[in-house]
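J.: Below are the structure tokens for one structure; questions will follow.
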Amino acid sequence: MNLPPLKAVLFDMDGLMIDSERVSREAWQDAARELSRPLGFEVIASMTGLSVSGCTARLAALGYSGPDTEKLITYWRRRYRERLHEGEVQHKPGIIETLQWVKAAGLKCAVASSTERVLLDLKLDAAGLAGYFDATVAGNEVTQAKPAPDVYLAAAQRLAEPVECCVALEDSPIGMQSALAAGIPVIQVPDLLTADEPLAKQALAICNTLLDTLPVLQARMQNH
């Protein structure tokens with residue numbers, strides 16, 4: 001296939017660049033205990049990659065409605081921020097090397113995250129990663145959050161690059177769906193969830209670590 005040259009790499013944030021999905025899971029468990037409402041791992045895992053509004057809708061579908069959902073979201077949000085402030089925001093292995101490689105290769109890069117702007121900036125700053133990116137897009141800055149394509153389309157637009165000249169790096173199946181819906185090839189580096197077989201077949205690759213994505217990106221640069 002005669003692909004156009006690779007010009008930009010679009011990064012998810014939570015679970016891909018920083019080890020925050022586990023912090024989020026622990027905050028959900030805190031919230032569930034506080035409200036004496038069971039919230040199993042499967043429910044929490046099903047919200048991986050969703051925006052706050054997406055989590056609200058998922059919880060409502062599972063029987064958490066009205067004041068219960070509002071209380072759960074409010075407490076989760078508070079405990080999540082507290083946990084982020086309590087400890088250093090941990091990098092996922094290889095993120096610095098990957099970002100340095102992208103810059104050295106002359107590629108643009110952007111963040112395309114479901115996270116709302118306030119938390120996105122807080123986490124990027126706390127992790128010391130903000131300076132690497134040419135643009136960032138938060139989940140509350142687009143009409144529809146992941147798995148809709150909006151956040152990835154906005155990221156490509158802010159970089160002034162066509163989607164076919166971008167590659168997305170994602171940890172979650174929901175994020176992969178978002179990138180693919182935008183027409184952007186995607187590489188998964190699984191964190192809590194691995195793509196099922198039909199979704200995995202649509203990916204450029206499923207990699208164990210961020211460093212494993214570099215040969216795939218290099219090959220994509222050369223294949224045009």
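Residue numbering restarts at 1 for every chain of the structure tokens, chains are lettered A, B, ... in their displayed order, and ligands are numbered from 1 as they appear.
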With only C-alpha atoms as the counted atoms, please give the residues lying no more than 10 Å from range 114-123 of chain A, apart from itself and same-chain residues fewer than 2 positions off, as a ChimeraX atom specification.
T.: /A:12-14,18,20,48-54,77,80-81,84-85,88-90,111-112,125-130,136-142,144-147,151,175
J.: Find the spatial neighbours of Ala181 in chain A, counting only C-alpha atoms, within a cut-off of 10 Å - ignore same-chain residues fewer than 2 positions away - and output them as JSON, numbers by chain.
T.: {"A": [146, 147, 148, 149, 150, 152, 153, 175, 176, 177, 178, 179, 183, 184, 185]}
J.: Interatomic distance between CA of Leu62 in chain A and CA of Val43 in chain A?
T.: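 Spanning CA of Leu62 in chain A to CA of Val43 in chain A is a straight-line distance of 8.5 Å.
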J.: For Ala205 in chain A, list every protein, DNA or RNA residue within 12 Å, evaluated using only C-alpha atoms, and leave out those in the same chain fewer than 5 positions away; present the list as number ranges by chain.
T.: A: 167-171, 176, 185-190, 194-195, 199-200, 210, 212-217, 219-220
J.: Based on the backbone DSSP call, show me all residues of range 139-224 of chain A assigned strand (DSSP E or B), as a list in words.
T.: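 Selection result, strand (DSSP E or B) within range 139-224 of chain A: Cys166, Val167, Ala168, Leu169, Glu170, Val186, Ile187, Gln188, Ala205 and Ile206 of chain A.
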J.: Which range 76-133 of chain A residues have any atom within 12 Å of an atom of range 4-10 of chain A, and for each, what is the nearest pair of atoms with distance in Å to one decimal, counting only C-alpha atoms, rows sorted by chain and number, as JSON lines?
T.:
```
{"residue": "A:Thr98", "atom": "CA", "partner": "A:Val9", "partner_atom": "CA", "distance": 10.4}
{"residue": "A:Leu99", "atom": "CA", "partner": "A:Val9", "partner_atom": "CA", "distance": 9.4}
{"residue": "A:Trp101", "atom": "CA", "partner": "A:Val9", "partner_atom": "CA", "distance": 11.0}
{"residue": "A:Val102", "atom": "CA", "partner": "A:Val9", "partner_atom": "CA", "distance": 7.5}
{"residue": "A:Lys103", "atom": "CA", "partner": "A:Ala8", "partner_atom": "CA", "distance": 9.9}
{"residue": "A:Ala105", "atom": "CA", "partner": "A:Lys7", "partner_atom": "CA", "distance": 9.5}
{"residue": "A:Gly106", "atom": "CA", "partner": "A:Lys7", "partner_atom": "CA", "distance": 8.0}
{"residue": "A:Leu107", "atom": "CA", "partner": "A:Ala8", "partner_atom": "CA", "distance": 5.1}
{"residue": "A:Lys108", "atom": "CA", "partner": "A:Ala8", "partner_atom": "CA", "distance": 4.5}
{"residue": "A:Cys109", "atom": "CA", "partner": "A:Val9", "partner_atom": "CA", "distance": 4.8}
{"residue": "A:Ala110", "atom": "CA", "partner": "A:Leu10", "partner_atom": "CA", "distance": 4.9}
{"residue": "A:Val111", "atom": "CA", "partner": "A:Leu10", "partner_atom": "CA", "distance": 5.8}
{"residue": "A:Ala112", "atom": "CA", "partner": "A:Leu10", "partner_atom": "CA", "distance": 6.4}
{"residue": "A:Ser113", "atom": "CA", "partner": "A:Leu10", "partner_atom": "CA", "distance": 9.7}
{"residue": "A:Tyr132", "atom": "CA", "partner": "A:Val9", "partner_atom": "CA", "distance": 11.7}
{"residue": "A:Phe133", "atom": "CA", "partner": "A:Leu10", "partner_atom": "CA", "distance": 9.5}
```
J.: Near range 30-34 of chain A, within 9 Å and counting only C-alpha atoms, which residues show up once chain neighbours fewer than 3 positions away are dropped, as number ranges by chain?
T.: A: 25-27, 37-39, 71-77, 79
J.: Since we have the selection now, will you write its residues out, keeping N, CA and C atoms, as a PDB file, in the first residue's frame?
T.:
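Wrote it out as selection20.pdb, contents follow:
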```pdb
ATOM      1  N   ARG A  25      -8.977   3.686  39.197  1.00  0.00           N
ATOM      2  CA  ARG A  25      -9.679   2.500  39.690  1.00  0.00           C
ATOM      3  C   ARG A  25      -9.755   2.506  41.206  1.00  0.00           C
ATOM      4  N   GLU A  26      -8.649   2.856  41.860  1.00  0.00           N
ATOM      5  CA  GLU A  26      -8.638   2.910  43.327  1.00  0.00           C
ATOM      6  C   GLU A  26      -9.584   3.993  43.842  1.00  0.00           C
ATOM      7  N   ALA A  27      -9.675   5.118  43.118  1.00  0.00           N
ATOM      8  CA  ALA A  27     -10.591   6.190  43.526  1.00  0.00           C
ATOM      9  C   ALA A  27     -12.049   5.742  43.379  1.00  0.00           C
ATOM     10  N   ARG A  37     -22.023   1.120  48.029  1.00  0.00           N
ATOM     11  CA  ARG A  37     -22.576   0.568  46.794  1.00  0.00           C
ATOM     12  C   ARG A  37     -21.503  -0.261  46.107  1.00  0.00           C
ATOM     13  N   PRO A  38     -21.778  -1.537  45.812  1.00  0.00           N
ATOM     14  CA  PRO A  38     -20.761  -2.365  45.171  1.00  0.00           C
ATOM     15  C   PRO A  38     -20.429  -1.858  43.762  1.00  0.00           C
ATOM     16  N   LEU A  39     -19.145  -1.903  43.443  1.00  0.00           N
ATOM     17  CA  LEU A  39     -18.693  -1.485  42.125  1.00  0.00           C
ATOM     18  C   LEU A  39     -17.545  -2.420  41.752  1.00  0.00           C
ATOM     19  N   LYS A  71     -23.483  11.517  43.359  1.00  0.00           N
ATOM     20  CA  LYS A  71     -22.644  11.347  44.550  1.00  0.00           C
ATOM     21  C   LYS A  71     -21.402  10.527  44.227  1.00  0.00           C
ATOM     22  N   LEU A  72     -21.595   9.450  43.470  1.00  0.00           N
ATOM     23  CA  LEU A  72     -20.484   8.575  43.135  1.00  0.00           C
ATOM     24  C   LEU A  72     -19.442   9.321  42.306  1.00  0.00           C
ATOM     25  N   ILE A  73     -19.892  10.054  41.296  1.00  0.00           N
ATOM     26  CA  ILE A  73     -18.980  10.825  40.436  1.00  0.00           C
ATOM     27  C   ILE A  73     -18.264  11.906  41.251  1.00  0.00           C
ATOM     28  N   THR A  74     -19.017  12.608  42.105  1.00  0.00           N
ATOM     29  CA  THR A  74     -18.430  13.685  42.911  1.00  0.00           C
ATOM     30  C   THR A  74     -17.355  13.140  43.840  1.00  0.00           C
ATOM     31  N   TYR A  75     -17.644  12.033  44.495  1.00  0.00           N
ATOM     32  CA  TYR A  75     -16.666  11.475  45.428  1.00  0.00           C
ATOM     33  C   TYR A  75     -15.468  10.904  44.672  1.00  0.00           C
ATOM     34  N   TRP A  76     -15.728  10.229  43.557  1.00  0.00           N
ATOM     35  CA  TRP A  76     -14.622   9.716  42.748  1.00  0.00           C
ATOM     36  C   TRP A  76     -13.711  10.849  42.299  1.00  0.00           C
ATOM     37  N   ARG A  77     -14.299  11.926  41.809  1.00  0.00           N
ATOM     38  CA  ARG A  77     -13.505  13.048  41.310  1.00  0.00           C
ATOM     39  C   ARG A  77     -12.615  13.613  42.433  1.00  0.00           C
ATOM     40  N   ARG A  79     -11.612  12.047  45.269  1.00  0.00           N
ATOM     41  CA  ARG A  79     -10.585  11.088  45.673  1.00  0.00           C
ATOM     42  C   ARG A  79      -9.519  10.937  44.595  1.00  0.00           C
TER      43      ARG A  79
END
```
J.: Identify which of the residues A:Leu3, A:Ala45, A:Leu124, A:Cys207 lies closest to Arg58 in chain A, counting only C-alpha atoms when measuring atom-to-atom distances.
T.: A:Ala45
J.: Between A:Glu82, A:Pro93, A:Gln222, A:Pro173, which is the closest to Ala203 in chain A once you count only C-alpha atoms?
T.: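 Result for the nearest residue to Ala203 in chain A: A:Pro173.
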J.: Could you work out how far CA of Ser172 in chain A lies from CA of Gly15 in chain A, giving the answer in Å with one decimal?
T.: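 It comes out at 7.9 Å.
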J.: Could you pull out the alpha helix (DSSP H) residues of range 39-121 of chain A from DSSP and send them as a PyMOL selection string?
T.: chain A and resi 41-46+52-61+67-86+95-104+117-121
